[in-house]
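Heads up, my_file_39.txt below (compact mmCIF, C-alpha atoms and all ligand atoms):
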```txt
# COMPACT_ATOMS: atom_id res chain seq x y z
CA MET L 1 32.44 13.78 15.09
CA LYS L 2 31.41 17.42 15.09
CA LEU L 3 28.30 18.61 13.26
CA TYR L 4 28.31 22.34 12.52
CA TYR L 5 24.82 23.79 12.22
CA PHE L 6 22.54 26.77 12.63
CA GLU L 7 18.75 26.69 12.90
CA THR L 8 18.18 26.97 9.14
CA PRO L 9 16.54 24.70 6.53
CA ASN L 10 19.72 23.15 5.08
CA ALA L 11 21.26 22.39 8.45
CA ARG L 12 17.99 20.91 9.70
CA LYS L 13 18.52 17.85 7.45
CA PRO L 14 21.71 16.36 8.98
CA CYS L 15 20.72 17.50 12.47
CA ALA L 16 17.50 15.49 12.10
CA VAL L 17 19.42 12.42 10.90
CA ALA L 18 21.90 12.71 13.78
CA LYS L 19 19.06 12.99 16.29
CA HIS L 20 17.00 10.23 14.68
CA LEU L 21 19.95 7.82 14.76
CA ASN L 22 21.36 9.05 18.02
CA SER L 23 24.66 9.51 16.17
CA PRO L 24 27.73 10.18 18.29
CA VAL L 25 28.09 13.79 17.14
CA GLU L 26 28.91 16.91 19.05
CA PHE L 27 26.61 19.67 17.77
CA VAL L 28 28.55 22.89 17.18
CA ARG L 29 26.36 25.96 16.65
CA ILE L 30 27.69 28.40 14.01
CA ASP L 31 25.82 31.65 14.51
CA LEU L 32 25.26 33.05 11.01
CA SER L 33 23.94 36.31 12.43
CA LYS L 34 27.34 36.89 14.08
CA GLY L 35 29.33 35.90 10.97
CA GLU L 36 30.78 32.79 12.62
CA HIS L 37 30.57 31.02 9.22
CA GLN L 38 33.13 33.47 7.78
CA THR L 39 35.96 32.94 10.27
CA PRO L 40 39.22 31.41 8.91
CA GLU L 41 38.73 28.44 11.29
CA TYR L 42 35.29 27.66 9.91
CA LEU L 43 36.26 28.33 6.27
CA ALA L 44 38.98 25.68 6.72
CA ILE L 45 36.15 23.21 7.44
CA ASN L 46 33.72 24.50 4.82
CA PRO L 47 35.28 26.86 2.25
CA ASN L 48 31.77 27.77 1.06
CA GLY L 49 31.13 29.56 4.34
CA LYS L 50 27.81 27.79 4.83
CA VAL L 51 26.19 25.38 7.25
CA PRO L 52 26.00 22.46 7.65
CA ALA L 53 29.44 20.82 7.79
CA LEU L 54 30.86 17.73 9.46
CA ARG L 55 34.25 16.80 10.85
CA ASP L 56 35.10 13.19 11.55
CA GLY L 57 38.77 12.86 12.53
CA ASP L 58 40.72 14.30 9.61
CA ALA L 59 37.74 14.07 7.25
CA ARG L 60 35.71 17.18 6.45
CA LEU L 61 32.40 17.05 4.67
CA TRP L 62 29.99 19.72 3.48
CA GLU L 63 26.62 19.63 1.69
CA GLY L 64 23.67 18.57 3.81
CA HIS L 65 22.63 15.67 1.58
CA ALA L 66 26.12 14.13 1.64
CA ILE L 67 26.32 14.57 5.42
CA MET L 68 22.97 12.81 5.85
CA ALA L 69 24.20 9.88 3.75
CA TYR L 70 27.50 9.77 5.66
CA LEU L 71 25.80 9.63 9.07
CA ALA L 72 23.28 7.02 7.93
CA ALA L 73 25.93 4.81 6.25
CA LYS L 74 28.18 5.07 9.31
CA ALA L 75 25.30 3.89 11.50
CA GLY L 76 24.37 1.09 9.05
CA SER L 77 20.90 2.64 8.92
CA ASP L 78 18.26 2.10 6.23
CA LEU L 79 17.88 5.86 6.01
CA TRP L 80 20.54 5.20 3.35
CA PRO L 81 19.54 1.70 2.18
CA LYS L 82 22.13 -0.80 0.94
CA ASP L 83 20.04 -1.59 -2.15
CA SER L 84 21.58 0.34 -5.06
CA ALA L 85 18.22 0.80 -6.84
CA LYS L 86 16.94 2.61 -3.76
CA GLN L 87 20.14 4.66 -3.48
CA ILE L 88 19.68 5.78 -7.10
CA ASP L 89 16.07 6.74 -6.42
CA ILE L 90 17.15 8.73 -3.36
CA LEU L 91 19.74 10.56 -5.48
CA ARG L 92 17.05 11.32 -8.04
CA TRP L 93 14.84 12.98 -5.43
CA LEU L 94 17.66 14.86 -3.72
CA ASN L 95 18.94 16.24 -7.04
CA TRP L 96 15.40 17.14 -8.09
CA ASP L 97 14.94 18.90 -4.78
CA THR L 98 18.10 21.00 -5.14
CA ALA L 99 17.33 21.94 -8.74
CA HIS L 100 13.59 22.51 -8.44
CA PHE L 101 11.50 22.10 -5.29
CA SER L 102 13.58 23.57 -2.45
CA ARG L 103 15.30 25.91 -4.88
CA HIS L 104 12.11 27.87 -5.56
CA ALA L 105 10.86 27.41 -1.99
CA GLY L 106 14.19 28.91 -0.92
CA THR L 107 13.60 31.97 -3.10
CA LEU L 108 10.20 32.50 -1.46
CA PHE L 109 11.77 32.03 1.99
CA PHE L 110 14.39 34.64 1.14
CA GLN L 111 11.93 37.14 -0.33
CA HIS L 112 9.27 36.79 2.38
CA TYR L 113 11.22 35.98 5.52
CA ILE L 114 14.96 36.66 5.32
CA LYS L 115 14.62 40.11 3.73
CA ALA L 116 12.23 41.28 6.44
CA ALA L 117 14.22 39.64 9.24
CA PHE L 118 17.49 41.30 8.18
CA GLY L 119 16.10 44.66 7.02
CA MET L 120 16.86 43.96 3.37
CA GLY L 121 13.81 45.71 1.95
CA GLU L 122 10.55 44.62 0.38
CA PRO L 123 10.07 41.33 -1.50
CA ASP L 124 10.89 41.60 -5.20
CA ALA L 125 7.47 41.06 -6.84
CA ALA L 126 8.90 39.64 -10.08
CA ALA L 127 11.10 37.13 -8.21
CA VAL L 128 8.13 36.09 -6.04
CA GLU L 129 5.89 35.60 -9.06
CA GLU L 130 8.45 33.51 -10.90
CA ALA L 131 9.32 31.33 -7.89
CA THR L 132 5.62 30.85 -7.07
CA GLY L 133 4.92 29.54 -10.59
CA PHE L 134 7.87 27.13 -10.52
CA PHE L 135 7.10 26.01 -6.96
CA LYS L 136 3.51 25.07 -7.85
CA ARG L 137 4.66 23.20 -10.96
CA PHE L 138 7.13 21.04 -9.01
CA ALA L 139 4.89 20.68 -5.95
CA ASP L 140 2.38 19.09 -8.31
CA VAL L 141 4.98 16.48 -9.31
CA LEU L 142 5.68 15.69 -5.65
CA ASP L 143 2.01 15.62 -4.71
CA ASN L 144 1.23 13.11 -7.48
CA HIS L 145 4.16 10.90 -6.50
CA LEU L 146 3.02 10.81 -2.87
CA LYS L 147 -0.45 9.44 -3.67
CA GLY L 148 -0.72 6.13 -1.79
CA ARG L 149 2.75 6.50 -0.25
CA THR L 150 3.94 7.27 3.27
CA TYR L 151 7.52 7.95 2.21
CA LEU L 152 9.21 9.13 -0.98
CA VAL L 153 11.30 6.02 -1.70
CA GLY L 154 10.09 2.48 -0.95
CA ASP L 155 8.11 1.79 2.21
CA ASN L 156 10.46 3.32 4.74
CA LEU L 157 11.83 6.66 5.84
CA THR L 158 15.03 7.62 3.98
CA ILE L 159 17.22 10.70 3.73
CA ALA L 160 15.17 11.63 0.63
CA ASP L 161 12.25 12.52 2.92
CA PHE L 162 14.35 14.81 5.12
CA GLY L 163 16.02 16.37 2.08
CA VAL L 164 12.89 17.18 0.09
CA ALA L 165 10.97 18.32 3.19
CA CYS L 166 13.60 20.80 4.39
CA MET L 167 11.69 23.98 3.45
CA LEU L 168 8.31 22.76 4.73
CA PRO L 169 8.72 23.46 8.49
CA THR L 170 9.06 27.15 7.53
CA ALA L 171 6.31 27.06 4.89
CA GLN L 172 4.28 29.71 6.67
CA GLU L 173 7.16 32.21 6.95
CA ALA L 174 8.05 31.57 3.30
CA LYS L 175 4.39 31.87 2.24
CA LEU L 176 4.72 28.66 0.22
CA PRO L 177 1.63 28.21 -1.95
CA LEU L 178 0.79 24.73 -0.64
CA GLY L 179 -3.00 25.05 -0.82
CA GLY L 180 -4.50 22.06 -2.64
CA PHE L 181 -1.36 19.93 -2.34
CA THR L 182 -3.04 17.58 0.12
CA GLN L 183 -0.58 14.70 -0.31
CA ILE L 184 2.40 16.91 0.51
CA GLN L 185 0.62 18.17 3.61
CA ARG L 186 -0.31 14.62 4.74
CA TRP L 187 3.26 13.36 4.14
CA HIS L 188 4.83 16.27 5.99
CA ASP L 189 2.36 15.96 8.89
CA GLY L 190 3.68 12.39 9.22
CA LEU L 191 7.31 13.58 9.27
CA MET L 192 6.40 16.16 11.91
CA ARG L 193 5.34 13.30 14.17
CA LEU L 194 9.00 12.18 14.24
CA PRO L 195 10.64 13.90 17.24
CA ALA L 196 13.91 14.25 15.30
CA TRP L 197 12.24 16.15 12.46
CA LYS L 198 10.00 18.28 14.66
CA ASP L 199 12.83 19.27 16.99
CA PRO L 200 16.18 18.47 15.32
CA TYR L 201 18.47 20.81 17.24
CA PRO L 202 20.19 20.24 20.58
CA ALA L 203 18.17 23.01 22.18
CA SER L 204 15.39 25.31 21.00
CA GLN L 205 17.44 28.39 20.29
CA SER L 206 15.91 30.19 17.34
CA ALA L 207 12.72 31.37 15.72
CA LEU L 208 13.84 29.73 12.46
CA ALA L 209 13.65 26.27 14.00
N1 LIG L 301 23.76 23.22 -0.72
C1 LIG L 301 24.11 23.53 0.66
C2 LIG L 301 23.44 24.84 1.03
C3 LIG L 301 23.93 25.36 2.37
C4 LIG L 301 23.31 26.72 2.67
O1 LIG L 301 22.89 27.46 1.77
N2 LIG L 301 23.29 27.06 3.97
C5 LIG L 301 22.77 28.33 4.37
C6 LIG L 301 21.83 28.17 5.56
S1 LIG L 301 20.38 27.26 5.08
C7 LIG L 301 23.93 29.21 4.84
O2 LIG L 301 24.83 28.73 5.49
N3 LIG L 301 23.90 30.49 4.48
C8 LIG L 301 24.89 31.44 4.92
C9 LIG L 301 25.45 32.25 3.79
O3 LIG L 301 25.20 31.91 2.63
O4 LIG L 301 26.13 33.23 4.08
C10 LIG L 301 23.67 22.39 1.61
O5 LIG L 301 22.60 21.80 1.37
O6 LIG L 301 24.37 22.08 2.57
```

When written as structure tokens, how does the structure in this file appear?
Ligand SMILES: N[C@@H](CCC(=O)N[C@@H](CS)C(=O)NCC(=O)O)C(=O)O
Amino acid sequence: MKLYYFETPNARKPCAVAKHLNSPVEFVRIDLSKGEHQTPEYLAINPNGKVPALRDGDARLWEGHAIMAYLAAKAGSDLWPKDSAKQIDILRWLNWDTAHFSRHAGTLFFQHYIKAAFGMGEPDAAAVEEATGFFKRFADVLDNHLKGRTYLVGDNLTIADFGVACMLPTAQEAKLPLGGFTQIQRWHDGLMRLPAWKDPYPASQSALA
């Protein structure tokens, strides 16, 4: 299997699963800054021109959440539990994350970090204000859910934790307004104690890690 990645929030998720499970993957670095995600060879693997992507024999898979589930199911790991009620709850959190939590965190990451890093101008104040309001609203939902819990779903680590947490390692660069969300901070401190989440890539190669 080949796992195509760059040191960015969405690729962090399957890289962390692969490292956590010691999956038999070859990590293939796709350097976004050099446009390696736009080559015909890579577009044949992921027509979206984005990381991450996975190749397993003739199978090609894109979308970080699906790749996490694939790797966990292939390993028979409880990161993707066999219990369908838990699978449904994981899907709930991953869909919520895409639509709400990481979506607005991603806007703040783009406005505060990516624009400066790539010389794309000043943050758009209106976009920052809107994303900040939405982020706080959904962070409150997550913070309340985490009261008395170590993990998002059930009593064990699942791919829901890695999915929903994907913008948090770069919270400072994104200027995420996390002040007061003590449960989110406690939960993510716990994830950061997992070597695979703290250091998910084959080698420390980028400031975005
Ligand atoms: N929904 C996709 C999002 C993938 C995505 O947006 N990847 C970013 C890096 S975090 C990317 O490849 N951006 C390059 C581009 O859009 O040109 C997933 O979760 O896999």

Give the residue list for ligand LIG 301 (chain L) at 10 Å, counting only C-alpha atoms and all ligand atoms, as number ranges by chain, sorted by chain and then by residue number. L: 5-14, 30-33, 35-38, 46, 48-53, 61-68, 94, 98, 102-103, 106, 163, 166-167

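The smallest atom-to-atom distance between L:Leu194 and any of L:Val128, L:Tyr70, L:Phe162, L:Phe27, using all atoms listed in the file, is found for L:Phe162.
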
Given all atoms listed in the file as the counted atoms, nearest of L:Ala117, L:Leu178, L:Leu3, L:Leu142 to L:Ala16: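 Nearest to L:Ala16: L:Leu3.
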
Under the rule that only C-alpha atoms are counted, which of L:Arg193, L:Lys2, L:His104, L:Lys115 is the nearest residue to L:Leu176? L:His104

Residue among L:Ser23, L:Val141, L:Gly179, L:Tyr4 lying closest to L:Asp97, counting only C-alpha atoms: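 When distances to L:Asp97 are compared using only C-alpha atoms, the smallest one comes from L:Val141.
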
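Distances to L:Asp83 were evaluated for L:Ala196, L:Glu173, L:Asp56, L:Val153 using only C-alpha atoms, and the minimum falls at L:Val153.
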
Between atom CA of L:Val17 and atom CA of L:Trp197, what distance in Å does the model show, to one decimal?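 Taking atom CA of L:Val17 as the start and atom CA of L:Trp197 as the end point, the length is 8.2 Å.
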
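With only C-alpha atoms taken into account, the protein and nucleic acid residues at most 10 Å from L:Pro202 (excluding it and anything under 3 positions from it in its own chain) are Cys15, Lys19, Glu26, Phe27, Val28, Arg29, Asp199 and Gln205 of chain L.
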
Give me the residues near L:Thr150 as a list in words, where near means some atom within 10 Å (using all atoms listed in the file) and where sequence neighbours in that chain fewer than 6 positions away do not count. Asn156, Leu157, Asp161, Gln183, Arg186, Trp187, His188, Gly190 and Leu191 of chain L

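Atom pair atom CA of L:Met1 / atom CA of L:Val25: separated by 4.8 Å.
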
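Put simply, atom CA of L:Ile90 is 12.7 Å away from atom CA of L:Asp155.
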
Centre and edge lengths of an axis-aligned box around all listed atoms of stretch 109-127 of chain L, with 6 Å added on each side, are to be given in Å to one decimal, as JSON.
```
{"center_x": 12.5, "center_y": 38.9, "center_z": -0.4, "size_x": 22.0, "size_y": 25.7, "size_z": 31.3}
```

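Considering the residues L:Ala174, L:Arg137, L:Leu21, L:Thr182 and counting all atoms listed in the file, L:Gly76 has its shortest atom-to-atom contact with L:Leu21.
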
Within 10 Å of L:Pro123, counting only C-alpha atoms, which residues qualify if same-chain residues fewer than 3 places away don't, as a ChimeraX atom specification? /L:108,110-116,120,126-128
